[in-house]
Every structure is written in C-alpha cells, then in structure tokens.
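Here is upload14.cif, consisting of mmCIF, C-alpha atoms:
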```
data_model
#
loop_
_atom_site.label_atom_id
_atom_site.label_comp_id
_atom_site.auth_asym_id
_atom_site.auth_seq_id
_atom_site.Cartn_x
_atom_site.Cartn_y
_atom_site.Cartn_z
CA MET A 6 0.00 0.00 0.00
CA GLY A 7 1.44 3.34 -1.10
CA PRO A 8 1.88 6.38 1.15
CA THR A 9 -1.17 8.13 -0.33
CA LEU A 10 -3.49 5.22 0.37
CA ARG A 11 -1.98 4.74 3.82
CA ALA A 12 -2.50 8.44 4.58
CA ALA A 13 -6.09 8.20 3.37
CA ARG A 14 -6.71 5.15 5.52
CA ALA A 15 -5.22 6.88 8.58
CA LEU A 16 -7.41 9.94 8.01
CA VAL A 17 -10.52 7.79 7.62
CA LEU A 18 -9.76 5.94 10.86
CA LEU A 19 -9.16 9.22 12.70
CA ALA A 20 -12.41 10.62 11.34
CA GLY A 21 -14.11 7.37 12.33
CA PHE A 22 -13.25 8.01 15.97
CA TYR A 23 -14.98 11.39 15.90
CA LEU A 24 -17.93 9.93 13.98
CA LEU A 25 -18.28 7.13 16.54
CA SER A 26 -18.26 9.68 19.35
CA LEU A 27 -20.89 11.83 17.67
CA VAL A 28 -23.09 8.78 17.05
CA LEU A 29 -22.85 7.80 20.73
CA LEU A 30 -23.67 11.34 21.83
CA ALA A 31 -26.64 11.36 19.48
CA ALA A 32 -27.78 8.01 20.89
CA LEU A 33 -27.59 9.38 24.43
CA GLY A 34 -29.56 12.43 23.35
CA ALA A 35 -32.19 10.19 21.77
CA LEU A 36 -32.36 8.21 25.01
CA ASP A 37 -33.07 11.41 26.94
CA TRP A 38 -35.79 12.46 24.49
CA ALA A 39 -37.43 9.03 24.68
CA ALA A 40 -37.17 9.03 28.48
CA PHE A 41 -38.92 12.38 28.91
CA THR A 42 -41.50 11.43 26.28
CA TRP A 43 -42.47 7.91 27.35
CA THR A 44 -41.56 7.55 31.03
CA THR A 45 -42.39 9.16 34.34
CA GLY A 46 -40.50 12.12 35.75
CA SER A 47 -38.23 10.25 38.19
CA VAL A 48 -37.21 7.63 35.64
CA ALA A 49 -36.56 10.29 33.03
CA VAL A 50 -34.35 12.26 35.42
CA LYS A 51 -32.32 9.15 36.29
CA LEU A 52 -31.80 8.32 32.62
CA PHE A 53 -30.84 11.93 31.93
CA ILE A 54 -28.23 11.87 34.69
CA LEU A 55 -26.88 8.56 33.35
CA SER A 56 -26.59 9.97 29.84
CA VAL A 57 -24.77 13.05 31.12
CA VAL A 58 -22.17 11.10 33.09
CA LEU A 59 -21.60 8.85 30.07
CA ALA A 60 -21.33 11.82 27.73
CA ILE A 61 -18.65 13.59 29.78
CA PRO A 62 -15.79 11.15 28.93
CA ILE A 63 -16.82 11.25 25.27
CA VAL A 64 -16.75 15.04 25.16
CA ARG A 65 -13.43 15.12 26.98
CA GLY A 66 -11.96 12.60 24.55
CA VAL A 67 -13.13 14.48 21.48
CA PHE A 68 -12.90 18.16 22.36
CA MET A 69 -10.79 18.70 25.48
CA LEU A 70 -7.72 16.56 24.89
CA ARG A 71 -4.80 17.65 22.81
CA THR A 72 -2.01 15.51 21.46
CA PRO A 73 0.94 15.73 23.88
CA LYS A 74 3.60 18.13 22.73
CA ASP A 75 7.16 17.09 22.13
CA ASP A 76 9.31 17.43 25.23
CA GLY A 77 11.93 19.15 23.15
CA LEU A 78 15.24 18.27 21.57
CA THR A 79 17.63 16.26 23.72
CA GLY A 80 21.13 15.74 22.40
CA LEU A 81 23.87 17.52 20.53
CA PRO A 82 23.19 18.70 16.97
CA VAL A 83 26.23 18.26 14.70
CA THR A 84 26.85 19.99 11.39
CA ASP A 85 28.53 18.62 8.26
CA THR A 86 31.60 20.65 9.22
CA GLN A 87 31.85 18.98 12.63
CA GLU A 88 31.09 15.44 11.41
CA PRO A 89 31.75 15.37 7.64
CA ARG A 90 32.08 11.57 7.32
CA LEU A 91 28.81 10.94 9.16
CA TRP A 92 26.94 13.51 7.09
CA ALA A 93 28.45 12.14 3.87
CA ALA A 94 27.34 8.61 4.76
CA VAL A 95 23.81 9.73 5.64
CA CYS A 96 23.39 11.78 2.46
CA ASP A 97 24.80 8.98 0.31
CA ILE A 98 22.42 6.41 1.80
CA ALA A 99 19.46 8.78 1.49
CA GLN A 100 20.28 9.21 -2.19
CA GLN A 101 20.46 5.44 -2.66
CA VAL A 102 17.10 5.01 -0.92
CA GLY A 103 15.64 7.75 -3.10
CA THR A 104 14.58 10.12 -0.36
CA ARG A 105 15.50 13.53 0.98
CA ALA A 106 18.29 13.53 3.55
CA PRO A 107 17.60 14.81 7.08
CA ASP A 108 18.07 18.49 7.76
CA GLU A 109 19.59 17.83 11.16
CA ILE A 110 21.61 15.09 12.86
CA VAL A 111 21.51 14.90 16.64
CA LEU A 112 23.78 12.74 18.79
CA ASN A 113 22.45 11.58 22.16
CA GLY A 114 23.06 9.01 24.89
CA ASP A 115 20.42 6.47 23.81
CA VAL A 116 21.23 3.00 22.53
CA ASN A 117 18.95 3.70 19.61
CA ALA A 118 18.50 5.42 16.27
CA ALA A 119 15.37 7.26 15.20
CA VAL A 120 14.04 9.71 12.65
CA SER A 121 11.34 12.35 12.91
CA GLU A 122 9.79 15.02 10.73
CA ASP A 123 8.11 18.29 11.70
CA THR A 124 5.11 17.91 9.42
CA ARG A 125 2.11 20.18 8.95
CA PHE A 126 -1.58 19.56 8.37
CA LEU A 127 -1.50 16.14 10.08
CA GLY A 128 1.44 15.03 7.99
CA LEU A 129 0.01 15.92 4.61
CA VAL A 130 2.81 18.46 4.12
CA GLY A 131 6.38 17.45 4.90
CA GLY A 132 8.77 19.53 6.98
CA ARG A 133 12.16 19.61 8.66
CA ARG A 134 13.69 16.17 9.10
CA ARG A 135 15.81 15.06 12.04
CA LEU A 136 17.98 11.98 12.53
CA CYS A 137 18.86 11.02 16.12
CA LEU A 138 21.79 8.68 16.68
CA GLY A 139 22.83 7.25 20.02
CA LEU A 140 26.56 7.34 20.72
CA PRO A 141 26.44 4.03 22.69
CA LEU A 142 24.84 2.39 19.65
CA MET A 143 27.41 3.80 17.24
CA ALA A 144 30.25 2.72 19.51
CA GLY A 145 29.12 -0.90 19.30
CA LEU A 146 28.74 -1.07 15.52
CA SER A 147 31.14 -1.48 12.66
CA GLU A 148 30.95 0.98 9.77
CA ALA A 149 28.99 -1.53 7.66
CA GLN A 150 26.56 -2.17 10.50
CA LEU A 151 26.10 1.55 11.06
CA ARG A 152 25.33 2.03 7.38
CA SER A 153 22.69 -0.71 7.68
CA VAL A 154 21.10 1.14 10.59
CA LEU A 155 21.16 4.39 8.63
CA ALA A 156 19.61 2.65 5.62
CA HIS A 157 16.80 1.38 7.85
CA GLU A 158 16.15 4.88 9.18
CA MET A 159 16.24 6.46 5.71
CA GLY A 160 13.76 3.76 4.70
CA HIS A 161 11.28 5.29 7.14
CA TYR A 162 11.56 8.57 5.25
CA GLY A 163 11.25 6.81 1.91
CA ASN A 164 8.15 4.97 3.12
CA SER A 165 6.58 8.20 4.45
CA ASP A 166 6.38 6.69 7.94
CA THR A 167 7.33 9.98 9.60
CA ARG A 168 4.75 11.85 7.52
CA LEU A 169 1.95 9.58 8.72
CA THR A 170 2.92 9.49 12.38
CA ALA A 171 0.99 12.69 13.16
CA ILE A 172 -2.26 11.16 11.90
CA THR A 173 -1.90 7.68 13.34
CA ALA A 174 -0.58 8.90 16.69
CA ARG A 175 -3.41 11.42 17.05
CA GLY A 176 -6.04 8.74 16.41
CA ARG A 177 -4.44 6.28 18.79
CA ILE A 178 -4.03 8.84 21.57
CA GLN A 179 -7.65 10.02 21.32
CA VAL A 180 -9.07 6.49 21.43
CA VAL A 181 -6.81 5.30 24.26
CA ARG A 182 -7.51 8.40 26.36
CA THR A 183 -11.25 8.02 25.95
CA ILE A 184 -11.05 4.37 27.02
CA ALA A 185 -8.94 5.40 30.00
CA HIS A 186 -11.57 7.95 31.06
CA PHE A 187 -14.34 5.35 31.05
CA GLU A 188 -12.20 2.78 32.86
CA GLU A 189 -11.21 5.37 35.46
CA ARG A 190 -14.83 6.23 36.15
CA ALA A 191 -15.75 2.54 36.26
CA GLY A 192 -12.98 1.95 38.79
CA ARG A 193 -14.18 4.79 41.00
CA THR A 194 -17.74 3.48 40.84
CA VAL A 195 -16.62 -0.03 41.82
CA ALA A 196 -14.56 1.37 44.70
CA LYS A 197 -17.50 3.38 46.03
CA GLU A 198 -19.83 0.41 45.76
CA GLN A 199 -17.34 -1.86 47.52
CA ALA A 200 -16.90 0.67 50.32
CA ARG A 201 -20.68 0.97 50.69
CA GLN A 202 -21.15 -2.79 50.87
CA GLU A 203 -18.26 -3.23 53.30
CA LYS A 204 -19.72 -0.57 55.57
CA LYS A 205 -23.11 -2.27 55.43
CA ALA A 206 -21.53 -5.65 56.14
CA ALA A 207 -19.64 -4.23 59.13
CA LYS A 208 -22.87 -2.90 60.60
CA ALA A 209 -24.51 -6.31 60.13
CA VAL A 210 -21.63 -8.07 61.90
CA ALA A 211 -21.78 -5.55 64.74
CA LYS A 212 -25.43 -6.45 65.25
CA GLY A 213 -24.58 -10.16 65.29
CA LYS A 214 -26.02 -10.78 61.84
CA LYS A 215 -24.39 -12.58 58.93
CA ALA A 216 -22.83 -10.21 56.46
CA LYS A 217 -23.65 -10.55 52.79
CA LYS A 218 -20.90 -11.38 50.32
CA ILE A 219 -19.37 -8.33 48.64
CA ASP A 220 -20.48 -8.20 45.01
CA THR A 221 -19.51 -5.28 42.77
CA GLY A 222 -20.12 -7.03 39.47
CA GLY A 223 -22.86 -4.60 38.45
CA ALA A 224 -21.03 -1.45 39.49
CA GLY A 225 -19.71 0.70 36.65
CA LEU A 226 -21.35 -1.54 34.06
CA SER A 227 -22.40 1.34 31.82
CA TYR A 228 -18.88 2.79 31.88
CA ARG A 229 -17.36 -0.57 31.03
CA ALA A 230 -19.83 -1.02 28.18
CA MET A 231 -18.82 2.33 26.68
CA ALA A 232 -15.14 1.48 27.13
CA ALA A 233 -15.77 -1.82 25.32
CA VAL A 234 -17.17 0.07 22.30
CA TYR A 235 -14.05 2.22 21.99
CA THR A 236 -11.80 -0.76 22.68
CA ALA A 237 -13.41 -2.61 19.79
CA TYR A 238 -12.78 0.40 17.53
CA ALA A 239 -9.18 0.61 18.75
CA LYS A 240 -8.60 -3.04 17.85
CA PHE A 241 -10.25 -2.47 14.47
#
```
Step by step, read the file and then write its structure as structure tokens.
Amino acid sequence: MGPTLRAARALVLLAGFYLLSLVLLAALGALDWAAFTWTTGSVAVKLFILSVVLAIPIVRGVFMLRTPKDDGLTGLPVTDTQEPRLWAAVCDIAQQVGTRAPDEIVLNGDVNAAVSEDTRFLGLVGGRRRLCLGLPLMAGLSEAQLRSVLAHEMGHYGNSDTRLTAITARGRIQVVRTIAHFEERAGRTVAKEQARQEKKAAKAVAKGKKAKKIDTGGAGLSYRAMAAVYTAYAKF
C-alpha cells in the first residue's frame, strides 16, 4: 500500500473516531428524548443523569484533549563541518534510498537510532527532518553495521512513515484516552460500591447478623460497556 493510500486510511480511521463519538452522543440524546417522552419524571431524570455522566468522557476525549507536545530536543546537533564523514554517509544512503536527507543530525546518549519530521496539516505536508543517533549504539557497531542502521532509518523517510505518524498517533491517543476515562470512572464506581457494601456488612456483623458477600459485578457496568465500544474500535 502506497503512502497516499496509507495516509487516506489513517485519516478515515481518525475521522471514524470522531464519527463514533458523535453517534454515541446522538444516541444518548435520543435516550433522553425518549425518556422524557415515554416515562415518568423520576425515571426520566435518572436516565438523563446517566446519559450526562456517560457523555462527559466522550466530550473530553473528542474536544478537550490535545495531542501531547514534544518534550523538546535532547542531544547535541552536529553539522557537516563537525562530522563530515557521518553527514556524507547519511546523504549517500538517502540518495540510494531515493529520499530527501535529514536536515539535522543529533547525537544523544540512547542505545537507539530514530528519525522524525516536523510535518504540517496532520502530515500531509512534509517539513524539517531530524535523525537522532545514540553514541552508545554507534560505539558498538562497525561501519557496515552503522550504514545498515542508517539505511533502515532512511527507509522510514522513503516509506513516508514519519509523515503519517501525526495522523496515526493522534487517532491512537484520542481512542486510548477516551477508554482510560471510562475505565477510570468505572474503577471509581466499583470502589465506592465496595466501600458501601463493606460498611453495610460491618454494621450487620456488629449487630450479630451474617454479612452478605461483597459483590460489585454490576457497578460501573455502563462505563465498562462504553469502554468496550471504543476498545473494539481501537482493535479495528
């Protein structure tokens, strides 16, 4: 699959997350309308409160969460004057791969090599490229092995992997955060229910009665159901 089709697929999946959220919000709104139309006042109010507490994590996931910003550059940028052989090797390999060489090479203390690109418009427009090389990694490789690593990293540029990261990462972050919100609320609900039942059981024991078994299986069920919907989409 070419970069254009991969970009289109990533955009569709990102849009699908927002569409799913809007559909769920619409379903909750329809539930409220039906509740106030066909049920009594107390039941309608309870369903309205339920829909509101379920809508909050969705709204937070869609509208109130931004993609985490980069923590900033860590390492030592080196120019072609400071490291001419390294720059020559990188440019030569980039030319062989058929891609544009990085605009910046940064040396750091990681046992790793990585590439990034400061793209715009969710990766649809390319930008400044950066190659990060770990000195501990370079120290343990021969020149041929280092060239293999550089070829692998230039391959990411050639395959437009860095261009698509902005789209795919944004979609993944939004889905995972929304799931986390629902699971967090489900956990709090279970904890409250367990505390309530334990307190009730303690009172029963104090009165010489047999305490009921703690059962929190039904607590947070609606939150877990909503989390399951987003989890299914995440797996898809």
Residues proximal to (-15.3, 8.6, 29.4) were defined as those with any atom within 9 Å of that point in the file's coordinates, counting all atoms listed in the file. Which are they, as a list in words?
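The residues near that point, listed by chain and number, are Val58, Leu59, Ala60, Ile61, Pro62, Ile63, Val64, Arg65, Gly66, Arg182, Thr183, Ile184, Ala185, His186, Phe187, Glu188, Glu189, Arg190, Tyr228, Met231 and Ala232 of chain A.
Considering all atoms listed in the file, the residue among A:Ala156, A:Val102, A:Asp166, A:Lys197 positioned nearest to Arg11 in chain A is A:Asp166.
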Identify all residues satisfying the PyMOL selection byres ((chain A and resi 78-93) around 9) in the given file; provide them as a ChimeraX atom specification.
/A:75-77,94-98,109-114,137,139
Taking 3 positions as the minimum chain separation for residues in the same chain, which residues sit within 7 Å of Gln199 in chain A when counting all atoms listed in the file? Answer as a ChimeraX atom specification.
/A:195-196,202-203,219,221
Contacts of Ala15 in chain A at 10 Å or less, counting all atoms listed in the file, minus same-chain residues fewer than 2 places along, as a list in words?
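Result of the neighbour search: Thr9, Leu10, Arg11, Ala12, Ala13, Val17, Leu18, Leu19, Ala20, Gly21, Leu169, Thr170, Ala171, Ile172, Thr173, Ala174, Arg175 and Gly176 of chain A.
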Can you list, as a PyMOL selection string, the residues that the PyMOL selection byres ((chain A and resi 132) around 6) selects here?
chain A and resi 122-124+131+133
Counting all atoms listed in the file, note down every residue that has an atom within 12 Å of the point (22.5, -1.6, 7.0) (file coordinates), as number ranges by chain.
A: 94-95, 98, 102, 146-160
Dump of C-alpha atoms for the selected residues, as a JSON list (two decimals), in the frame of the given file:
```json
[["chain", "number", "residue", "atom", "x", "y", "z"],
["A", 94, "ALA", "CA", 27.34, 8.61, 4.76],
["A", 95, "VAL", "CA", 23.81, 9.73, 5.64],
["A", 98, "ILE", "CA", 22.42, 6.41, 1.80],
["A", 102, "VAL", "CA", 17.10, 5.01, -0.92],
["A", 146, "LEU", "CA", 28.74, -1.07, 15.52],
["A", 147, "SER", "CA", 31.14, -1.48, 12.66],
["A", 148, "GLU", "CA", 30.95, 0.98, 9.77],
["A", 149, "ALA", "CA", 28.99, -1.53, 7.66],
["A", 150, "GLN", "CA", 26.56, -2.17, 10.50],
["A", 151, "LEU", "CA", 26.10, 1.55, 11.06],
["A", 152, "ARG", "CA", 25.33, 2.03, 7.38],
["A", 153, "SER", "CA", 22.69, -0.71, 7.68],
["A", 154, "VAL", "CA", 21.10, 1.14, 10.59],
["A", 155, "LEU", "CA", 21.16, 4.39, 8.63],
["A", 156, "ALA", "CA", 19.61, 2.65, 5.62],
["A", 157, "HIS", "CA", 16.80, 1.38, 7.85],
["A", 158, "GLU", "CA", 16.15, 4.88, 9.18],
["A", 159, "MET", "CA", 16.24, 6.46, 5.71],
["A", 160, "GLY", "CA", 13.76, 3.76, 4.70]]
```
When you look at Ala224 in chain A with a cut-off of 8 Å (counting only C-alpha atoms), what residues show up, excluding the ones that are within fewer than 5 positions of it in the same chain? I need them as a PDB file with C-alpha atoms, keeping the file's coordinate frame.
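Output saved as around-v5.pdb:
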```pdb
ATOM      1  CA  ALA A 191     -15.750   2.540  36.260  1.00  0.00           C
ATOM      2  CA  THR A 194     -17.740   3.480  40.840  1.00  0.00           C
ATOM      3  CA  VAL A 195     -16.620  -0.030  41.820  1.00  0.00           C
ATOM      4  CA  GLU A 198     -19.830   0.410  45.760  1.00  0.00           C
TER       5      GLU A 198
END
```
Grab the CA of Arg201 in chain A to CA of Leu226 in chain A distance for me, in Å with one decimal place.
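Going from CA of Arg201 in chain A over to CA of Leu226 in chain A, I get 16.8 Å.
Straight-line separation from CA of Thr236 in chain A to CA of Arg177 in chain A: 10.9 Å.
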Find the residues near Lys217 in chain A: any atom within 10 Å, counting all atoms listed in the file, skip ones fewer than 3 places away on the same chain, and give them as number ranges by chain.
A: 202-203, 205-207, 209-210, 214, 220
Applied to the shown file, which residues does the PyMOL selection byres ((chain A and resi 121) around 7) return, written as a VMD selection string?
chain A and resid 119 to 120 122 to 123 134 to 136 167
Writer output for current selection, C-alpha atoms, as an mmCIF file, keeping the file's coordinate frame:
```cif
data_model
loop_
_atom_site.group_PDB
_atom_site.id
_atom_site.type_symbol
_atom_site.label_atom_id
_atom_site.label_comp_id
_atom_site.auth_asym_id
_atom_site.auth_seq_id
_atom_site.Cartn_x
_atom_site.Cartn_y
_atom_site.Cartn_z
ATOM 1 C CA ALA A 119 15.370 7.260 15.200
ATOM 2 C CA VAL A 120 14.040 9.710 12.650
ATOM 3 C CA GLU A 122 9.790 15.020 10.730
ATOM 4 C CA ASP A 123 8.110 18.290 11.700
ATOM 5 C CA ARG A 134 13.690 16.170 9.100
ATOM 6 C CA ARG A 135 15.810 15.060 12.040
ATOM 7 C CA LEU A 136 17.980 11.980 12.530
ATOM 8 C CA THR A 167 7.330 9.980 9.600
#
```
Please, what distance in Å, to one decimal, runs between CA of Leu140 in chain A and CA of Ala118 in chain A?
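Atom-to-atom, CA of Leu140 in chain A to CA of Ala118 in chain A, that is 9.4 Å.
When only C-alpha atoms are used to compute distances to Ile178 in chain A, the closest of the residues A:Ala39, A:Val234, A:Val67, A:Leu30 turns out to be A:Val67.
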Would you fill the gaps in range 142-177 of chain A so it has N, CA and C atoms, then print it as a PDB file, in the coordinates of the input?
```
ATOM      1  N   LEU A 142      25.136   3.287  20.769  1.00  0.00           N
ATOM      2  CA  LEU A 142      24.840   2.390  19.650  1.00  0.00           C
ATOM      3  C   LEU A 142      25.939   2.447  18.611  1.00  0.00           C
ATOM      4  N   MET A 143      26.360   3.641  18.260  1.00  0.00           N
ATOM      5  CA  MET A 143      27.410   3.800  17.240  1.00  0.00           C
ATOM      6  C   MET A 143      28.718   3.171  17.682  1.00  0.00           C
ATOM      7  N   ALA A 144      28.989   3.266  18.998  1.00  0.00           N
ATOM      8  CA  ALA A 144      30.250   2.720  19.510  1.00  0.00           C
ATOM      9  C   ALA A 144      30.303   1.200  19.391  1.00  0.00           C
ATOM     10  N   GLY A 145      29.151   0.558  19.358  1.00  0.00           N
ATOM     11  CA  GLY A 145      29.120  -0.900  19.300  1.00  0.00           C
ATOM     12  C   GLY A 145      28.948  -1.464  17.914  1.00  0.00           C
ATOM     13  N   LEU A 146      28.956  -0.602  16.891  1.00  0.00           N
ATOM     14  CA  LEU A 146      28.740  -1.070  15.520  1.00  0.00           C
ATOM     15  C   LEU A 146      29.961  -0.837  14.651  1.00  0.00           C
ATOM     16  N   SER A 147      30.118  -1.710  13.684  1.00  0.00           N
ATOM     17  CA  SER A 147      31.140  -1.480  12.660  1.00  0.00           C
ATOM     18  C   SER A 147      30.583  -0.464  11.664  1.00  0.00           C
ATOM     19  N   GLU A 148      31.414  -0.002  10.754  1.00  0.00           N
ATOM     20  CA  GLU A 148      30.950   0.980   9.770  1.00  0.00           C
ATOM     21  C   GLU A 148      29.848   0.395   8.889  1.00  0.00           C
ATOM     22  N   ALA A 149      30.007  -0.873   8.500  1.00  0.00           N
ATOM     23  CA  ALA A 149      28.990  -1.530   7.660  1.00  0.00           C
ATOM     24  C   ALA A 149      27.677  -1.676   8.424  1.00  0.00           C
ATOM     25  N   GLN A 150      27.769  -2.021   9.693  1.00  0.00           N
ATOM     26  CA  GLN A 150      26.560  -2.170  10.500  1.00  0.00           C
ATOM     27  C   GLN A 150      25.866  -0.820  10.700  1.00  0.00           C
ATOM     28  N   LEU A 151      26.676   0.225  10.904  1.00  0.00           N
ATOM     29  CA  LEU A 151      26.100   1.550  11.060  1.00  0.00           C
ATOM     30  C   LEU A 151      25.394   1.992   9.793  1.00  0.00           C
ATOM     31  N   ARG A 152      25.978   1.693   8.647  1.00  0.00           N
ATOM     32  CA  ARG A 152      25.330   2.030   7.380  1.00  0.00           C
ATOM     33  C   ARG A 152      24.007   1.277   7.229  1.00  0.00           C
ATOM     34  N   SER A 153      23.941   0.054   7.734  1.00  0.00           N
ATOM     35  CA  SER A 153      22.690  -0.710   7.680  1.00  0.00           C
ATOM     36  C   SER A 153      21.619  -0.039   8.540  1.00  0.00           C
ATOM     37  N   VAL A 154      22.035   0.428   9.717  1.00  0.00           N
ATOM     38  CA  VAL A 154      21.100   1.140  10.590  1.00  0.00           C
ATOM     39  C   VAL A 154      20.613   2.419   9.915  1.00  0.00           C
ATOM     40  N   LEU A 155      21.530   3.157   9.308  1.00  0.00           N
ATOM     41  CA  LEU A 155      21.160   4.390   8.630  1.00  0.00           C
ATOM     42  C   LEU A 155      20.233   4.113   7.446  1.00  0.00           C
ATOM     43  N   ALA A 156      20.480   3.019   6.733  1.00  0.00           N
ATOM     44  CA  ALA A 156      19.610   2.650   5.620  1.00  0.00           C
ATOM     45  C   ALA A 156      18.200   2.343   6.116  1.00  0.00           C
ATOM     46  N   HIS A 157      18.112   1.676   7.267  1.00  0.00           N
ATOM     47  CA  HIS A 157      16.800   1.380   7.850  1.00  0.00           C
ATOM     48  C   HIS A 157      16.067   2.679   8.193  1.00  0.00           C
ATOM     49  N   GLU A 158      16.786   3.623   8.792  1.00  0.00           N
ATOM     50  CA  GLU A 158      16.150   4.880   9.180  1.00  0.00           C
ATOM     51  C   GLU A 158      15.754   5.707   7.959  1.00  0.00           C
ATOM     52  N   MET A 159      16.606   5.736   6.928  1.00  0.00           N
ATOM     53  CA  MET A 159      16.240   6.460   5.710  1.00  0.00           C
ATOM     54  C   MET A 159      15.047   5.790   5.031  1.00  0.00           C
ATOM     55  N   GLY A 160      14.917   4.485   5.235  1.00  0.00           N
ATOM     56  CA  GLY A 160      13.760   3.760   4.700  1.00  0.00           C
ATOM     57  C   GLY A 160      12.456   4.272   5.283  1.00  0.00           C
ATOM     58  N   HIS A 161      12.488   4.707   6.535  1.00  0.00           N
ATOM     59  CA  HIS A 161      11.280   5.290   7.140  1.00  0.00           C
ATOM     60  C   HIS A 161      10.873   6.558   6.400  1.00  0.00           C
ATOM     61  N   TYR A 162      11.869   7.370   6.030  1.00  0.00           N
ATOM     62  CA  TYR A 162      11.560   8.570   5.250  1.00  0.00           C
ATOM     63  C   TYR A 162      11.009   8.183   3.877  1.00  0.00           C
ATOM     64  N   GLY A 163      11.678   7.233   3.235  1.00  0.00           N
ATOM     65  CA  GLY A 163      11.250   6.810   1.910  1.00  0.00           C
ATOM     66  C   GLY A 163       9.861   6.212   1.902  1.00  0.00           C
ATOM     67  N   ASN A 164       9.476   5.602   3.020  1.00  0.00           N
ATOM     68  CA  ASN A 164       8.150   4.970   3.120  1.00  0.00           C
ATOM     69  C   ASN A 164       7.095   5.911   3.682  1.00  0.00           C
ATOM     70  N   SER A 165       7.485   7.170   3.908  1.00  0.00           N
ATOM     71  CA  SER A 165       6.580   8.200   4.450  1.00  0.00           C
ATOM     72  C   SER A 165       6.067   7.864   5.850  1.00  0.00           C
ATOM     73  N   ASP A 166       6.814   7.042   6.588  1.00  0.00           N
ATOM     74  CA  ASP A 166       6.380   6.690   7.940  1.00  0.00           C
ATOM     75  C   ASP A 166       6.319   7.919   8.841  1.00  0.00           C
ATOM     76  N   THR A 167       7.306   8.801   8.740  1.00  0.00           N
ATOM     77  CA  THR A 167       7.330   9.980   9.600  1.00  0.00           C
ATOM     78  C   THR A 167       6.227  10.969   9.211  1.00  0.00           C
ATOM     79  N   ARG A 168       5.830  10.959   7.956  1.00  0.00           N
ATOM     80  CA  ARG A 168       4.750  11.850   7.520  1.00  0.00           C
ATOM     81  C   ARG A 168       3.417  11.422   8.126  1.00  0.00           C
ATOM     82  N   LEU A 169       3.233  10.101   8.269  1.00  0.00           N
ATOM     83  CA  LEU A 169       1.950   9.580   8.720  1.00  0.00           C
ATOM     84  C   LEU A 169       1.838   9.465  10.236  1.00  0.00           C
ATOM     85  N   THR A 170       2.942   9.646  10.931  1.00  0.00           N
ATOM     86  CA  THR A 170       2.920   9.490  12.380  1.00  0.00           C
ATOM     87  C   THR A 170       1.942  10.462  13.042  1.00  0.00           C
ATOM     88  N   ALA A 171       1.871  11.685  12.548  1.00  0.00           N
ATOM     89  CA  ALA A 171       0.990  12.690  13.160  1.00  0.00           C
ATOM     90  C   ALA A 171      -0.462  12.235  13.124  1.00  0.00           C
ATOM     91  N   ILE A 172      -0.867  11.597  12.022  1.00  0.00           N
ATOM     92  CA  ILE A 172      -2.260  11.160  11.900  1.00  0.00           C
ATOM     93  C   ILE A 172      -2.517   9.946  12.760  1.00  0.00           C
ATOM     94  N   THR A 173      -1.665   8.933  12.620  1.00  0.00           N
ATOM     95  CA  THR A 173      -1.900   7.680  13.340  1.00  0.00           C
ATOM     96  C   THR A 173      -1.756   7.861  14.845  1.00  0.00           C
ATOM     97  N   ALA A 174      -0.774   8.671  15.256  1.00  0.00           N
ATOM     98  CA  ALA A 174      -0.580   8.900  16.690  1.00  0.00           C
ATOM     99  C   ALA A 174      -1.759   9.654  17.284  1.00  0.00           C
ATOM    100  N   ARG A 175      -2.280  10.645  16.549  1.00  0.00           N
ATOM    101  CA  ARG A 175      -3.410  11.420  17.050  1.00  0.00           C
ATOM    102  C   ARG A 175      -4.626  10.517  17.258  1.00  0.00           C
ATOM    103  N   GLY A 176      -4.905   9.649  16.275  1.00  0.00           N
ATOM    104  CA  GLY A 176      -6.040   8.740  16.410  1.00  0.00           C
ATOM    105  C   GLY A 176      -5.879   7.789  17.571  1.00  0.00           C
ATOM    106  N   ARG A 177      -4.691   7.241  17.711  1.00  0.00           N
ATOM    107  CA  ARG A 177      -4.440   6.280  18.790  1.00  0.00           C
ATOM    108  C   ARG A 177      -4.572   6.953  20.154  1.00  0.00           C
TER     109      ARG A 177
END
```
